[in-house]
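Novice: Just passing along the structure, written as structure tokens.
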Amino acid sequence: MRLKEIRMSRHLKVQEVAEYLCCLPSVYSRYESGKREPSLDILLKLSRLYHVSVDCLICNDDYYDTSITPAEATLLQAVRQADERASHDALALLTLHKITE
């Protein structure tokens, strides 16, 4: 599992994650070290906290960060509130401005 790697990339302490999960820090540390297997319920909670899939947590796929930046959140909110034509125009404009290598 890559629990420690993901926790550290989110700048969270073991204590903070343990409090979120309602468990002792020593219990969460055992999840990270592989000395204890987290239940599906715990994995689901961690996937929500870290914004990654359960597959990512258990190393079943490549690491994929699903978090978004504040600017991306603003764009998403604007698209959801726009009418169909404005959404289409915005997507067309952004598509034209792809960065090419």
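Scheme for the structure tokens: letters A, B, ... for chains in order shown; per-chain residue numbers from 1; ligand numbers from 1 in order shown.
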Run DSSP on the backbone and tell me which residues of chain A come out as helix (DSSP H, G or I); list them as a PyMOL selection string.
Specialist: chain A and resi 3-9+14-21+25-33+40-50+54-57+70-81+84-96
Novice: Name the residues in contact with region 90-96 of chain A at a cut-off of 12 Å, using only C-alpha atoms, excluding same-chain residues fewer than 2 positions from it; report them as a ChimeraX atom specification.
Specialist: /A:75-76,78-80,82-88,98-100
Novice: List the spatial neighbours of region 40-50 of chain A as a ChimeraX atom specification - criterion: any atom at most 9 Å away, only C-alpha atoms, same-chain residues fewer than 6 positions off excluded.
Specialist: /A:3,6-7,10,17,20-21,56-58,65-67
Novice: Convert the current residue selection to file output with all heavy atoms, as a CSV table (one decimal), in the first residue's frame.
Specialist:
chain,number,residue,atom,x,y,z
A,3,LEU,N,0.0,4.2,1.5
A,3,LEU,CA,-0.7,5.1,2.4
A,3,LEU,C,0.2,6.2,2.9
A,3,LEU,O,-0.2,7.4,2.9
A,3,LEU,CB,-1.3,4.4,3.6
A,3,LEU,CG,-2.4,3.3,3.2
A,3,LEU,CD1,-2.8,2.6,4.5
A,3,LEU,CD2,-3.5,4.0,2.6
A,6,ILE,N,1.1,8.8,0.1
A,6,ILE,CA,0.0,9.7,-0.2
A,6,ILE,C,-0.3,10.7,1.0
A,6,ILE,O,-0.5,11.9,0.8
A,6,ILE,CB,-1.3,8.9,-0.6
A,6,ILE,CG1,-1.0,8.1,-1.8
A,6,ILE,CG2,-2.5,9.8,-0.7
A,6,ILE,CD1,-2.1,7.1,-2.2
A,7,ARG,N,-0.2,10.2,2.2
A,7,ARG,CA,-0.5,11.0,3.4
A,7,ARG,C,0.6,12.2,3.4
A,7,ARG,O,0.2,13.3,3.6
A,7,ARG,CB,-0.4,10.2,4.7
A,7,ARG,CG,-0.5,11.1,5.9
A,7,ARG,CD,-0.3,10.3,7.2
A,7,ARG,NE,0.9,9.6,7.3
A,7,ARG,CZ,2.1,10.1,7.7
A,7,ARG,NH1,2.2,11.4,7.9
A,7,ARG,NH2,3.1,9.3,7.8
A,10,ARG,N,0.0,14.9,1.0
A,10,ARG,CA,-1.1,15.8,1.4
A,10,ARG,C,-0.7,16.6,2.6
A,10,ARG,O,-1.5,17.4,3.1
A,10,ARG,CB,-2.3,15.0,1.7
A,10,ARG,CG,-2.9,14.1,0.5
A,10,ARG,CD,-3.3,15.0,-0.6
A,10,ARG,NE,-4.1,14.3,-1.6
A,10,ARG,CZ,-3.5,13.7,-2.6
A,10,ARG,NH1,-2.2,13.6,-2.8
A,10,ARG,NH2,-4.3,13.0,-3.5
A,17,VAL,N,-4.9,12.0,10.4
A,17,VAL,CA,-5.6,10.9,9.7
A,17,VAL,C,-6.3,10.0,10.7
A,17,VAL,O,-7.4,9.6,10.4
A,17,VAL,CB,-4.6,10.2,8.8
A,17,VAL,CG1,-5.3,9.0,8.1
A,17,VAL,CG2,-4.0,11.1,7.8
A,20,TYR,N,-9.5,11.6,11.8
A,20,TYR,CA,-10.5,11.5,10.7
A,20,TYR,C,-11.1,10.1,10.7
A,20,TYR,O,-12.3,10.0,10.5
A,20,TYR,CB,-9.8,11.8,9.4
A,20,TYR,CG,-10.7,11.6,8.2
A,20,TYR,CD1,-11.7,12.6,7.9
A,20,TYR,CD2,-10.6,10.5,7.4
A,20,TYR,CE1,-12.5,12.4,6.8
A,20,TYR,CE2,-11.4,10.3,6.3
A,20,TYR,CZ,-12.4,11.3,6.0
A,20,TYR,OH,-13.2,11.1,4.9
A,21,LEU,N,-10.3,9.1,10.9
A,21,LEU,CA,-10.8,7.7,10.9
A,21,LEU,C,-11.4,7.2,12.2
A,21,LEU,O,-11.9,6.1,12.3
A,21,LEU,CB,-9.6,6.7,10.5
A,21,LEU,CG,-9.0,6.9,9.1
A,21,LEU,CD1,-7.8,6.0,9.0
A,21,LEU,CD2,-10.0,6.7,8.0
A,56,CYS,N,-5.8,3.0,-6.1
A,56,CYS,CA,-4.5,3.7,-6.0
A,56,CYS,C,-4.0,3.4,-4.6
A,56,CYS,O,-2.8,3.2,-4.4
A,56,CYS,CB,-4.8,5.2,-6.2
A,56,CYS,SG,-3.3,6.2,-5.9
A,57,LEU,N,-4.8,3.4,-3.6
A,57,LEU,CA,-4.3,3.2,-2.2
A,57,LEU,C,-3.7,1.8,-2.0
A,57,LEU,O,-2.7,1.6,-1.3
A,57,LEU,CB,-5.5,3.2,-1.2
A,57,LEU,CG,-6.1,4.6,-1.0
A,57,LEU,CD1,-7.3,4.5,-0.1
A,57,LEU,CD2,-5.1,5.6,-0.4
A,58,ILE,N,-4.2,0.8,-2.7
A,58,ILE,CA,-3.7,-0.6,-2.6
A,58,ILE,C,-2.7,-0.9,-3.7
A,58,ILE,O,-2.4,-2.1,-3.9
A,58,ILE,CB,-4.8,-1.6,-2.5
A,58,ILE,CG1,-5.7,-1.6,-3.7
A,58,ILE,CG2,-5.7,-1.3,-1.2
A,58,ILE,CD1,-6.7,-2.7,-3.8
A,65,ASP,N,-3.7,11.5,-9.0
A,65,ASP,CA,-4.1,12.6,-8.1
A,65,ASP,C,-5.4,13.2,-8.7
A,65,ASP,O,-5.4,13.8,-9.7
A,65,ASP,CB,-3.0,13.7,-8.0
A,65,ASP,CG,-3.4,14.7,-7.0
A,65,ASP,OD1,-4.5,14.7,-6.4
A,65,ASP,OD2,-2.5,15.6,-6.7
A,66,THR,N,-6.5,13.0,-8.0
A,66,THR,CA,-7.8,13.5,-8.4
A,66,THR,C,-8.1,14.9,-7.8
A,66,THR,O,-9.2,15.4,-8.1
A,66,THR,CB,-8.9,12.5,-8.1
A,66,THR,OG1,-9.0,12.3,-6.7
A,66,THR,CG2,-8.7,11.2,-8.9
A,67,SER,N,-7.2,15.4,-7.1
A,67,SER,CA,-7.5,16.8,-6.5
A,67,SER,C,-7.5,17.8,-7.6
A,67,SER,O,-6.8,17.6,-8.6
A,67,SER,CB,-6.6,17.1,-5.4
A,67,SER,OG,-5.3,17.1,-5.8
Novice: Restricting the calculation to only C-alpha atoms: of A:Ser39, A:Gln77, A:Gln15, A:Asn60, which residue gets closest to Arg2 (chain A)?
Specialist: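 The answer is A:Asn60, which sits nearest to Arg2 (chain A).
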Novice: Residues within 10 Å of Cys59 (chain A), please, as a CSV table (one decimal) with N, CA, C and O atoms, in the first residue's frame. Count only C-alpha atoms; anything in the same chain fewer than 4 positions from it doesn't count.
Specialist:
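The result, stored in part_37.csv:
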chain,number,residue,atom,x,y,z
A,1,MET,N,0.8,-1.2,0.0
A,1,MET,CA,0.0,0.0,0.0
A,1,MET,C,0.9,1.2,0.0
A,1,MET,O,2.0,1.2,0.5
A,2,ARG,N,0.3,2.3,-0.5
A,2,ARG,CA,1.1,3.5,-0.6
A,2,ARG,C,0.5,4.6,0.3
A,2,ARG,O,0.5,5.8,0.0
A,3,LEU,N,0.0,4.2,1.5
A,3,LEU,CA,-0.7,5.1,2.4
A,3,LEU,C,0.2,6.2,2.9
A,3,LEU,O,-0.2,7.4,2.9
A,53,SER,N,-8.5,6.9,-5.8
A,53,SER,CA,-9.3,5.7,-5.8
A,53,SER,C,-8.7,4.7,-4.8
A,53,SER,O,-7.6,4.7,-4.4
A,54,VAL,N,-9.6,3.7,-4.4
A,54,VAL,CA,-9.1,2.7,-3.5
A,54,VAL,C,-8.0,1.9,-4.2
A,54,VAL,O,-7.1,1.4,-3.6
A,55,ASP,N,-8.2,1.7,-5.5
A,55,ASP,CA,-7.2,1.0,-6.3
A,55,ASP,C,-5.8,1.6,-6.1
A,55,ASP,O,-4.8,1.0,-6.0
A,63,TYR,N,-0.5,5.8,-9.7
A,63,TYR,CA,-0.9,6.9,-8.8
A,63,TYR,C,-1.6,7.9,-9.7
A,63,TYR,O,-1.1,8.4,-10.7
